[in-house]
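Visitor: Below: one structure in structure tokens.
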Amino acid sequence: MIDPMANIGGTQSLPQTNPAAPGMDSSSSNSNNTEEVFDVHAQQHNLQQMESIRSFMGIVSGCCAGILGLTNLYGIVFFIVMHLVVSASLRVRMLGGLGFGGGDLETYFKGMGTVGFWLDGLQNCFMSFMLFWTLFYGLVYLF
């Protein structure tokens with residue numbers, strides 16, 4: 001996450017990028033002489049929170065699919081729809097929109113594109129979904 005409050009009141013100053021390249025005069029140098037501040041720990045925290053939300057979604061949607069008696073492709077389609085709903089909810093919560101004029105994912109996740117955001121954790125969540133789907137289907141319809 002980009003931290004605009006980094007190093008406020010500190011004694012160290014942020015390094016400047018290319019104030020004047022060798023062989024160039026100072027009048028032709030770029031007016032943006034600051035580096036972007038990025039907190040790796042904040043990004044790791046954001047990714048962990050997103051992973052825990054999606055894992056919980058896999059468990060709850062697996063329970064729902066088992067109780068509803070969904071079988072075959074209906075259960076898998078249910079999981080994919082629920083995963084997309086949770087991803088859309090996360091995006092709305094973080095950015096204030098689905099990406100049409102809202103914020104930018106780079107604010108929260110450096111290097112993660114839009115497709116990566118929508119599909120992140122799909123395989124891990126599916127394993128939890130499958131476990132609880134079969135468990136609850138067996139509890140409700142077989143016993």
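FYI, nothing fancy with the structure tokens labels: chains A, B, ... in order, residues from 1 per chain, ligands from 1 as they appear.
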Neighbouring residues of Gly138 of chain A were defined as those with any atom within 10 Å, considering only C-alpha atoms; residues of the same chain fewer than 4 positions away were excluded. Please report them as JSON, numbers by chain.
Guide: {"A": [66, 67, 69, 132, 133, 134, 142, 143]}
Visitor: Go ahead and dump the residues you just picked, N, CA and C atoms, as a PDB file, in the first residue's frame.
Guide:
ATOM      1  N   GLY A  66     -24.051 -28.039  -0.115  1.00  0.00           N
ATOM      2  CA  GLY A  66     -24.392 -29.357   0.398  1.00  0.00           C
ATOM      3  C   GLY A  66     -25.807 -29.414   0.934  1.00  0.00           C
ATOM      4  N   ILE A  67     -26.214 -28.389   1.665  1.00  0.00           N
ATOM      5  CA  ILE A  67     -27.569 -28.355   2.220  1.00  0.00           C
ATOM      6  C   ILE A  67     -28.607 -28.223   1.114  1.00  0.00           C
ATOM      7  N   GLY A  69     -28.362 -29.436  -1.765  1.00  0.00           N
ATOM      8  CA  GLY A  69     -28.386 -30.668  -2.542  1.00  0.00           C
ATOM      9  C   GLY A  69     -27.870 -30.497  -3.954  1.00  0.00           C
ATOM     10  N   PHE A 132     -16.405 -29.209   2.414  1.00  0.00           N
ATOM     11  CA  PHE A 132     -17.647 -28.932   3.128  1.00  0.00           C
ATOM     12  C   PHE A 132     -18.887 -29.248   2.292  1.00  0.00           C
ATOM     13  N   TRP A 133     -18.753 -29.173   0.976  1.00  0.00           N
ATOM     14  CA  TRP A 133     -19.854 -29.534   0.095  1.00  0.00           C
ATOM     15  C   TRP A 133     -20.196 -31.012   0.269  1.00  0.00           C
ATOM     16  N   THR A 134     -19.184 -31.865   0.199  1.00  0.00           N
ATOM     17  CA  THR A 134     -19.424 -33.298   0.348  1.00  0.00           C
ATOM     18  C   THR A 134     -19.830 -33.656   1.773  1.00  0.00           C
ATOM     19  N   LEU A 142     -27.627 -38.319   3.015  1.00  0.00           N
ATOM     20  CA  LEU A 142     -27.270 -39.727   3.094  1.00  0.00           C
ATOM     21  C   LEU A 142     -27.562 -40.337   4.465  1.00  0.00           C
ATOM     22  N   PHE A 143     -27.575 -39.544   5.503  1.00  0.00           N
ATOM     23  CA  PHE A 143     -27.780 -40.099   6.848  1.00  0.00           C
ATOM     24  C   PHE A 143     -29.136 -39.815   7.347  1.00  0.00           C
TER      25      PHE A 143
END
Visitor: Taking 2 positions as the minimum chain separation for residues in the same chain, which residues sit within 10 Å of Ala88 of chain A when counting only C-alpha atoms? Answer as JSON, numbers by chain.
Guide: {"A": [82, 83, 84, 85, 86, 90, 91, 92, 93, 94, 97, 98, 99, 117, 118]}
Visitor: For a quick check of understanding, using only C-alpha atoms, which of A:Met130, A:Leu122, A:Leu139, A:Ile59 has the smallest distance to Thr71 of chain A?
Guide: A:Met130
Visitor: Choose the residue, out of A:Ile80, A:Tyr137, A:Gln48, A:Val60, that has the smallest atom-to-atom separation from Leu119 of chain A; count only C-alpha atoms.
Guide: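 Using only C-alpha atoms, Leu119 of chain A sits closest to A:Ile80.
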Visitor: What does the distance between atom CA of Gly121 of chain A and atom CA of Arg54 of chain A come to in Å, to one decimal place?
Guide: 7.3 Å
Visitor: What gap, in Å, lies between atom CA of Ser55 of chain A and atom CA of Asn124 of chain A?
Guide: 7.5 Å
